[in-house]
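Read through the structure below, which is laid out as structure tokens, and then see the notes.
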Amino acid sequence: KNESGVLFPEALSALGIVPGIKPHLKVYELPGTGGDTVMQGLDSLAARCKEYKAAGCKFAKWRSPLTITASGSPTDLAIKANMEDLARYALICQDEGLVPIVEPDIVMKGDHTLETAVEVNTQVQSTLYKAMLDHGVYMEGSIMKTNLVNPGLSCPTSYTVEQIAEANLAVLRRVMPMAVAGVNFLSGGQSLENAAARLDAINKAKTKEPWNLSFSWSWALQAPLFKLCDGRGGEMPLEEMGALYLKELEMASAAALGKHNPKDGEGSHCPPKEVAVA
């Protein structure tokens with residue numbers, strides 16, 4: 001409840017904010033895969049979704065993280081297990097009256113190339129959409145939240161923001177169902193400047209693609225706000241934070257329309273610099 005005693009979902013709804021829930025539980029290491037994981041929480045999901053709906057929630061979000069490694073991750077088993085879990089989650093949510101946000105997340109950790117990222121993202125997303133269709137998920141009633149297709153943070157190869165944009169569009173053109181209205185990309189540890197530049201480049205490079213390509217960022221928007229609080233002894237400069245947050249949202253909104261003007265170099269991938277040790 002808020003300070004006035006109003007339940008949180010009701011208070012949010014009164015402000016025009018749609019309340020939702022993250023119903024997944026803990027990440028569990030999948031035996032026999034060398035470190036791949038799956039998310040737990042499906043067993044009790046239907047009962048919990050019924051409670052969430054009664055409490056005022058309108059949607060849910062389930063994240064399934066996967067990592068690209070030189071040793072072969074994500075394995076076919078991990079991809080299949082995670083994507084079928086996402087499909088089951090989406091079906092259960094819809095059965096209980098919640099809109100499912102489906103989030104397959106290829107994390108940026110690693111040294112994989114952009115070309116490898118395209119291959120893995122294509123495999124992951126095509127497996128997901130087939131699983132959703134096989135499970136009977138109403139595709140038009142689902143929301144896709146996925147990672148931007150990027151090279152690994154430690155990748156030694158340079159890529160321009162335009163090359164990254166084309167890689168993202170290539171994956172969408174190969175696997176994205178027309179029935180899904182669009183994608184809200186996650187930031188996945190990218191800076192606001194890089195995430196906005198890449199989203200902007202994708203939207204500028206679109207031709208006849210029907211999807212709305214937008215953002216669902218947490219860290220990219222939060223990190224600059226946290227930085228404002230550094231060295232203030234716990235004090236939160238709310239007015240400054242509010243003004244900065246509005247500027248961030250203006251940047252993100254412009255990127256979602258292909259109308260952002262990033263600085264030179266923003267959104268490109270540069271190999272990490274080697275540090276000389278004496």
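All residue names refer to the structure tokens as shown: chains lettered A, B, ... in order, residues numbered from 1 in each chain, ligands numbered from 1 in order.
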**OP:** Find the spatial neighbours of Ile202 (chain A), counting only C-alpha atoms, within a cut-off of 8 Å - ignore same-chain residues fewer than 5 positions away - and output them as a list of chain:residue names.
**Re:** A:Glu162, A:Ala165, A:Glu166, A:Asn168, A:Leu169, A:Gly258
Do a neighbour search on region 138-150 of chain A at 6 Å with only C-alpha atoms, toss out local chain neighbours closer than 6 positions, and write the hits as a short mmCIF file (atom, residue, chain, number, x, y, z; two decimals) with N, CA, C and O atoms, in the first residue's frame.
```
data_model
loop_
_atom_site.label_atom_id
_atom_site.label_comp_id
_atom_site.auth_asym_id
_atom_site.auth_seq_id
_atom_site.Cartn_x
_atom_site.Cartn_y
_atom_site.Cartn_z
N PRO A 100 1.40 -11.99 -21.51
CA PRO A 100 2.77 -12.42 -21.25
C PRO A 100 3.81 -11.60 -22.01
O PRO A 100 3.71 -11.44 -23.24
N ILE A 101 4.79 -11.07 -21.30
CA ILE A 101 5.98 -10.53 -21.93
C ILE A 101 7.01 -11.65 -21.95
O ILE A 101 7.35 -12.22 -20.91
N VAL A 102 7.47 -12.00 -23.14
CA VAL A 102 8.37 -13.14 -23.32
C VAL A 102 9.78 -12.61 -23.57
O VAL A 102 10.00 -11.83 -24.49
N GLU A 103 10.73 -13.05 -22.73
CA GLU A 103 12.06 -12.44 -22.75
C GLU A 103 13.18 -13.47 -22.88
O GLU A 103 13.74 -13.92 -21.89
N PRO A 104 13.54 -13.84 -24.12
CA PRO A 104 14.78 -14.60 -24.30
C PRO A 104 15.95 -13.62 -24.32
O PRO A 104 15.91 -12.63 -25.05
N ASP A 105 16.97 -13.88 -23.53
CA ASP A 105 18.04 -12.89 -23.37
C ASP A 105 19.39 -13.53 -23.59
O ASP A 105 19.88 -14.28 -22.75
N LEU A 114 29.78 -10.71 -34.09
CA LEU A 114 28.42 -10.33 -34.46
C LEU A 114 27.78 -11.41 -35.32
O LEU A 114 26.59 -11.69 -35.20
N ASN A 168 20.54 -6.98 -36.54
CA ASN A 168 19.26 -7.11 -35.83
C ASN A 168 18.11 -7.28 -36.80
O ASN A 168 17.22 -8.12 -36.60
N ALA A 179 2.42 -11.90 -36.79
CA ALA A 179 1.35 -11.77 -35.80
C ALA A 179 1.79 -11.02 -34.55
O ALA A 179 0.96 -10.46 -33.83
N VAL A 180 3.10 -11.02 -34.28
CA VAL A 180 3.61 -10.30 -33.10
C VAL A 180 3.79 -8.83 -33.47
O VAL A 180 4.44 -8.51 -34.47
N VAL A 183 8.78 -5.55 -31.02
CA VAL A 183 9.81 -5.95 -30.07
C VAL A 183 10.17 -4.76 -29.21
O VAL A 183 10.37 -3.65 -29.71
N ASN A 184 10.25 -4.99 -27.91
CA ASN A 184 10.76 -3.98 -26.98
C ASN A 184 12.12 -4.48 -26.49
O ASN A 184 12.20 -5.38 -25.66
N PHE A 185 13.19 -3.93 -27.07
CA PHE A 185 14.53 -4.43 -26.78
C PHE A 185 14.94 -4.09 -25.34
O PHE A 185 14.68 -3.00 -24.84
N LEU A 186 15.62 -5.04 -24.70
CA LEU A 186 16.20 -4.77 -23.39
C LEU A 186 17.58 -4.13 -23.58
O LEU A 186 18.16 -4.20 -24.67
#
```
**OP:** Give the answer as one residue: which of A:Cys155, A:Leu192, A:Val6, A:Cys57 has the shortest atom-to-atom distance to Ala220 (chain A), using only C-alpha atoms?
**Re:** A:Leu192
Subject >> DSSP-assigned strand (DSSP E or B) among region 85-248 of chain A, expressed as JSON, numbers by chain >> reply: {"A": [99, 100, 101, 102, 103, 104, 105, 106, 143, 144, 147, 159, 182, 183, 184, 185, 186, 212, 213, 214, 215]}
**OP:** Would you mind telling me which residue in A:Met236, A:Leu244, A:Ala11, A:Ala195 lies nearest to His260 (chain A) when using only C-alpha atoms?
**Re:** A:Ala195
Any idea what's packed within 9 Å of Ala55 (chain A), counting only C-alpha atoms, ignoring anything in its chain fewer than 2 positions away? Could you give it as a JSON list (two decimals) with N, CA and C atoms, in the first residue's frame?
```json
[["chain", "number", "residue", "atom", "x", "y", "z"],
["A", 7, "LEU", "N", -3.87, 0.16, -2.24],
["A", 7, "LEU", "CA", -3.05, -0.93, -2.73],
["A", 7, "LEU", "C", -2.19, -0.47, -3.91],
["A", 9, "PRO", "N", -1.12, -1.76, -6.79],
["A", 9, "PRO", "CA", -1.64, -1.84, -8.17],
["A", 9, "PRO", "C", -2.72, -0.80, -8.46],
["A", 10, "GLU", "N", -3.56, -0.51, -7.46],
["A", 10, "GLU", "CA", -4.61, 0.49, -7.65],
["A", 10, "GLU", "C", -4.01, 1.89, -7.77],
["A", 50, "LYS", "N", -3.28, -16.55, -11.03],
["A", 50, "LYS", "CA", -4.65, -16.27, -10.61],
["A", 50, "LYS", "C", -4.65, -15.24, -9.48],
["A", 51, "GLU", "N", -3.71, -15.39, -8.54],
["A", 51, "GLU", "CA", -3.60, -14.43, -7.44],
["A", 51, "GLU", "C", -3.14, -13.07, -7.93],
["A", 52, "TYR", "N", -2.17, -13.06, -8.85],
["A", 52, "TYR", "CA", -1.67, -11.79, -9.38],
["A", 52, "TYR", "C", -2.79, -11.03, -10.10],
["A", 53, "LYS", "N", -3.58, -11.77, -10.86],
["A", 53, "LYS", "CA", -4.69, -11.15, -11.59],
["A", 53, "LYS", "C", -5.70, -10.55, -10.62],
["A", 57, "CYS", "N", -2.85, -7.13, -11.27],
["A", 57, "CYS", "CA", -1.82, -7.17, -12.32],
["A", 57, "CYS", "C", -2.48, -7.41, -13.68]]
```
Subject >> Contacts of Gly188 (chain A) at 8 Å (only C-alpha atoms; same-chain gap of 4+ positions) as a PyMOL selection string >> reply: chain A and resi 107-108+147+219
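The space between CA of Val175 (chain A) and CA of Leu153 (chain A) spans 24.8 Å.
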Residue neighbourhood region 27-40 of chain A, 10 Å, only C-alpha atoms, exclusion window fewer than 4 positions, as a PDB file with N, CA, C and O atoms, in the first residue's frame:
```pdb
ATOM      1  N   PRO A  23       6.980 -13.433 -12.483  1.00  0.00           N
ATOM      2  CA  PRO A  23       6.621 -14.624 -11.725  1.00  0.00           C
ATOM      3  C   PRO A  23       7.679 -15.718 -11.698  1.00  0.00           C
ATOM      4  O   PRO A  23       7.497 -16.719 -11.005  1.00  0.00           O
ATOM      5  N   SER A  44       4.056 -23.907 -10.043  1.00  0.00           N
ATOM      6  CA  SER A  44       2.987 -23.218  -9.306  1.00  0.00           C
ATOM      7  C   SER A  44       2.483 -21.983 -10.046  1.00  0.00           C
ATOM      8  O   SER A  44       1.755 -21.171  -9.465  1.00  0.00           O
ATOM      9  N   LEU A  45       2.848 -21.844 -11.315  1.00  0.00           N
ATOM     10  CA  LEU A  45       2.601 -20.588 -12.014  1.00  0.00           C
ATOM     11  C   LEU A  45       1.116 -20.283 -12.177  1.00  0.00           C
ATOM     12  O   LEU A  45       0.688 -19.144 -11.987  1.00  0.00           O
ATOM     13  N   TRP A  62       8.707 -12.985 -18.045  1.00  0.00           N
ATOM     14  CA  TRP A  62       9.568 -14.126 -17.701  1.00  0.00           C
ATOM     15  C   TRP A  62      10.836 -14.031 -18.525  1.00  0.00           C
ATOM     16  O   TRP A  62      10.790 -14.009 -19.749  1.00  0.00           O
ATOM     17  N   ARG A  63      11.995 -13.987 -17.861  1.00  0.00           N
ATOM     18  CA  ARG A  63      13.283 -13.868 -18.541  1.00  0.00           C
ATOM     19  C   ARG A  63      14.011 -15.200 -18.534  1.00  0.00           C
ATOM     20  O   ARG A  63      14.104 -15.867 -17.505  1.00  0.00           O
ATOM     21  N   SER A  64      14.520 -15.576 -19.702  1.00  0.00           N
ATOM     22  CA  SER A  64      15.335 -16.784 -19.834  1.00  0.00           C
ATOM     23  C   SER A  64      16.705 -16.402 -20.397  1.00  0.00           C
ATOM     24  O   SER A  64      16.857 -16.216 -21.612  1.00  0.00           O
ATOM     25  N   PRO A  65      17.718 -16.251 -19.529  1.00  0.00           N
ATOM     26  CA  PRO A  65      19.044 -15.842 -19.999  1.00  0.00           C
ATOM     27  C   PRO A  65      19.839 -17.010 -20.585  1.00  0.00           C
ATOM     28  O   PRO A  65      19.776 -18.138 -20.092  1.00  0.00           O
ATOM     29  N   LEU A  66      20.580 -16.726 -21.645  1.00  0.00           N
ATOM     30  CA  LEU A  66      21.465 -17.698 -22.272  1.00  0.00           C
ATOM     31  C   LEU A  66      22.789 -17.013 -22.565  1.00  0.00           C
ATOM     32  O   LEU A  66      22.830 -15.811 -22.826  1.00  0.00           O
ATOM     33  N   THR A  67      23.876 -17.793 -22.545  1.00  0.00           N
ATOM     34  CA  THR A  67      25.214 -17.238 -22.758  1.00  0.00           C
ATOM     35  C   THR A  67      25.901 -17.959 -23.900  1.00  0.00           C
ATOM     36  O   THR A  67      25.837 -19.188 -23.999  1.00  0.00           O
ATOM     37  N   ILE A  68      26.561 -17.195 -24.769  1.00  0.00           N
ATOM     38  CA  ILE A  68      27.347 -17.765 -25.862  1.00  0.00           C
ATOM     39  C   ILE A  68      28.785 -17.974 -25.375  1.00  0.00           C
ATOM     40  O   ILE A  68      29.409 -17.038 -24.864  1.00  0.00           O
ATOM     41  N   SER A  71      32.906 -22.941 -25.809  1.00  0.00           N
ATOM     42  CA  SER A  71      32.750 -24.375 -25.551  1.00  0.00           C
ATOM     43  C   SER A  71      31.425 -24.937 -26.053  1.00  0.00           C
ATOM     44  O   SER A  71      31.146 -26.119 -25.884  1.00  0.00           O
ATOM     45  N   GLY A  72      30.595 -24.089 -26.666  1.00  0.00           N
ATOM     46  CA  GLY A  72      29.378 -24.611 -27.277  1.00  0.00           C
ATOM     47  C   GLY A  72      28.070 -24.198 -26.650  1.00  0.00           C
ATOM     48  O   GLY A  72      27.012 -24.698 -27.037  1.00  0.00           O
ATOM     49  N   SER A  73      28.100 -23.299 -25.693  1.00  0.00           N
ATOM     50  CA  SER A  73      26.857 -22.802 -25.104  1.00  0.00           C
ATOM     51  C   SER A  73      26.329 -21.626 -25.909  1.00  0.00           C
ATOM     52  O   SER A  73      27.122 -20.863 -26.479  1.00  0.00           O
ATOM     53  N   PRO A  74      25.019 -21.498 -25.997  1.00  0.00           N
ATOM     54  CA  PRO A  74      24.039 -22.378 -25.385  1.00  0.00           C
ATOM     55  C   PRO A  74      23.862 -23.673 -26.182  1.00  0.00           C
ATOM     56  O   PRO A  74      23.857 -23.649 -27.410  1.00  0.00           O
ATOM     57  N   THR A  75      23.723 -24.776 -25.470  1.00  0.00           N
ATOM     58  CA  THR A  75      23.530 -26.061 -26.117  1.00  0.00           C
ATOM     59  C   THR A  75      22.119 -26.148 -26.693  1.00  0.00           C
ATOM     60  O   THR A  75      21.221 -25.402 -26.311  1.00  0.00           O
ATOM     61  N   ASP A  76      21.936 -27.090 -27.613  1.00  0.00           N
ATOM     62  CA  ASP A  76      20.602 -27.299 -28.179  1.00  0.00           C
ATOM     63  C   ASP A  76      19.598 -27.641 -27.077  1.00  0.00           C
ATOM     64  O   ASP A  76      18.444 -27.211 -27.119  1.00  0.00           O
ATOM     65  N   LEU A  77      20.058 -28.435 -26.094  1.00  0.00           N
ATOM     66  CA  LEU A  77      19.179 -28.809 -24.987  1.00  0.00           C
ATOM     67  C   LEU A  77      18.745 -27.583 -24.198  1.00  0.00           C
ATOM     68  O   LEU A  77      17.562 -27.436 -23.854  1.00  0.00           O
ATOM     69  N   ALA A  78      19.692 -26.685 -23.917  1.00  0.00           N
ATOM     70  CA  ALA A  78      19.370 -25.485 -23.144  1.00  0.00           C
ATOM     71  C   ALA A  78      18.405 -24.591 -23.907  1.00  0.00           C
ATOM     72  O   ALA A  78      17.465 -24.020 -23.337  1.00  0.00           O
ATOM     73  N   ILE A  79      18.637 -24.436 -25.207  1.00  0.00           N
ATOM     74  CA  ILE A  79      17.744 -23.599 -26.013  1.00  0.00           C
ATOM     75  C   ILE A  79      16.338 -24.184 -26.017  1.00  0.00           C
ATOM     76  O   ILE A  79      15.348 -23.477 -25.787  1.00  0.00           O
ATOM     77  N   ALA A  81      14.916 -26.315 -23.879  1.00  0.00           N
ATOM     78  CA  ALA A  81      14.298 -26.284 -22.553  1.00  0.00           C
ATOM     79  C   ALA A  81      13.814 -24.881 -22.202  1.00  0.00           C
ATOM     80  O   ALA A  81      12.680 -24.695 -21.735  1.00  0.00           O
ATOM     81  N   ASN A  82      14.639 -23.877 -22.443  1.00  0.00           N
ATOM     82  CA  ASN A  82      14.275 -22.504 -22.088  1.00  0.00           C
ATOM     83  C   ASN A  82      13.136 -21.968 -22.947  1.00  0.00           C
ATOM     84  O   ASN A  82      12.224 -21.301 -22.447  1.00  0.00           O
ATOM     85  N   MET A  83      13.170 -22.255 -24.234  1.00  0.00           N
ATOM     86  CA  MET A  83      12.135 -21.716 -25.113  1.00  0.00           C
ATOM     87  C   MET A  83      10.791 -22.419 -24.890  1.00  0.00           C
ATOM     88  O   MET A  83       9.735 -21.777 -24.977  1.00  0.00           O
ATOM     89  N   ASP A  85       9.869 -23.599 -22.005  1.00  0.00           N
ATOM     90  CA  ASP A  85       9.407 -23.023 -20.736  1.00  0.00           C
ATOM     91  C   ASP A  85       8.755 -21.663 -20.968  1.00  0.00           C
ATOM     92  O   ASP A  85       7.716 -21.342 -20.374  1.00  0.00           O
ATOM     93  N   LEU A  86       9.362 -20.847 -21.823  1.00  0.00           N
ATOM     94  CA  LEU A  86       8.768 -19.540 -22.136  1.00  0.00           C
ATOM     95  C   LEU A  86       7.405 -19.703 -22.791  1.00  0.00           C
ATOM     96  O   LEU A  86       6.468 -18.952 -22.505  1.00  0.00           O
TER      97      LEU A  86
END
```
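Between CA of Lys227 (chain A) and CA of Leu249 (chain A) the interatomic distance comes to 16.8 Å.
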For Leu12 (chain A), find every residue with an atom within 12 Å (counting only C-alpha atoms), except residues of its own chain fewer than 3 positions away, and show them as an mmCIF file with C-alpha atoms, in the first residue's frame.
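out_20.cif, freshly written:
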```cif
data_model
loop_
_atom_site.group_PDB
_atom_site.id
_atom_site.type_symbol
_atom_site.label_atom_id
_atom_site.label_comp_id
_atom_site.auth_asym_id
_atom_site.auth_seq_id
_atom_site.Cartn_x
_atom_site.Cartn_y
_atom_site.Cartn_z
ATOM 1 C CA LYS A 1 0.000 0.000 0.000
ATOM 2 C CA ASN A 2 1.035 3.610 -0.468
ATOM 3 C CA VAL A 6 -4.258 2.389 -1.369
ATOM 4 C CA LEU A 7 -3.049 -0.928 -2.733
ATOM 5 C CA PHE A 8 -0.006 -0.492 -4.960
ATOM 6 C CA PRO A 9 -1.642 -1.836 -8.166
ATOM 7 C CA LEU A 15 -1.659 7.238 -12.458
ATOM 8 C CA GLY A 16 -2.119 5.534 -15.830
ATOM 9 C CA ILE A 17 0.612 2.973 -15.108
ATOM 10 C CA VAL A 18 -0.184 -0.658 -15.949
ATOM 11 C CA PRO A 19 0.955 -2.950 -13.095
ATOM 12 C CA GLY A 20 2.641 -6.262 -13.808
ATOM 13 C CA GLY A 56 -4.715 -6.079 -10.092
ATOM 14 C CA CYS A 57 -1.824 -7.167 -12.319
ATOM 15 C CA LYS A 58 -2.382 -6.981 -16.074
#
```
Do you know which residues are at most 10 Å from region 157-159 of chain A counting only C-alpha atoms, after dropping those on the same chain fewer than 5 positions away, and could you put them as a PDB file with C-alpha atoms, in the first residue's frame?
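Listing of selection-v1.pdb after writing:
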```pdb
ATOM      1  CA  ASP A 111      34.073 -12.648 -27.099  1.00  0.00           C
ATOM      2  CA  HIS A 112      31.725 -13.941 -29.801  1.00  0.00           C
ATOM      3  CA  THR A 113      31.463 -12.106 -33.100  1.00  0.00           C
ATOM      4  CA  LEU A 114      28.422 -10.326 -34.458  1.00  0.00           C
ATOM      5  CA  ASN A 150      25.393  -7.572 -30.400  1.00  0.00           C
ATOM      6  CA  PRO A 151      28.933  -8.966 -30.463  1.00  0.00           C
ATOM      7  CA  GLY A 152      30.301 -10.080 -27.115  1.00  0.00           C
ATOM      8  CA  ILE A 164      24.815  -3.929 -35.751  1.00  0.00           C
ATOM      9  CA  GLY A 267      26.470   2.476 -30.819  1.00  0.00           C
ATOM     10  CA  SER A 268      29.541   1.057 -32.547  1.00  0.00           C
ATOM     11  CA  HIS A 269      31.450  -1.854 -31.020  1.00  0.00           C
ATOM     12  CA  CYS A 270      35.099  -1.220 -30.295  1.00  0.00           C
ATOM     13  CA  PRO A 271      37.406  -4.012 -29.053  1.00  0.00           C
ATOM     14  CA  PRO A 272      38.370  -3.676 -25.402  1.00  0.00           C
TER      15      PRO A 272
END
```
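Across the structure, CA of Val99 (chain A) and CA of Phe59 (chain A) are spaced 4.4 Å apart.
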Original post:
What are the DSSP alpha helix (DSSP H) residues of region 12-257 of chain A, as a PyMOL selection string?
Top reply: chain A and resi 12-14+45-54+76-95+114-135+161-175+192-205+219-228+238-256
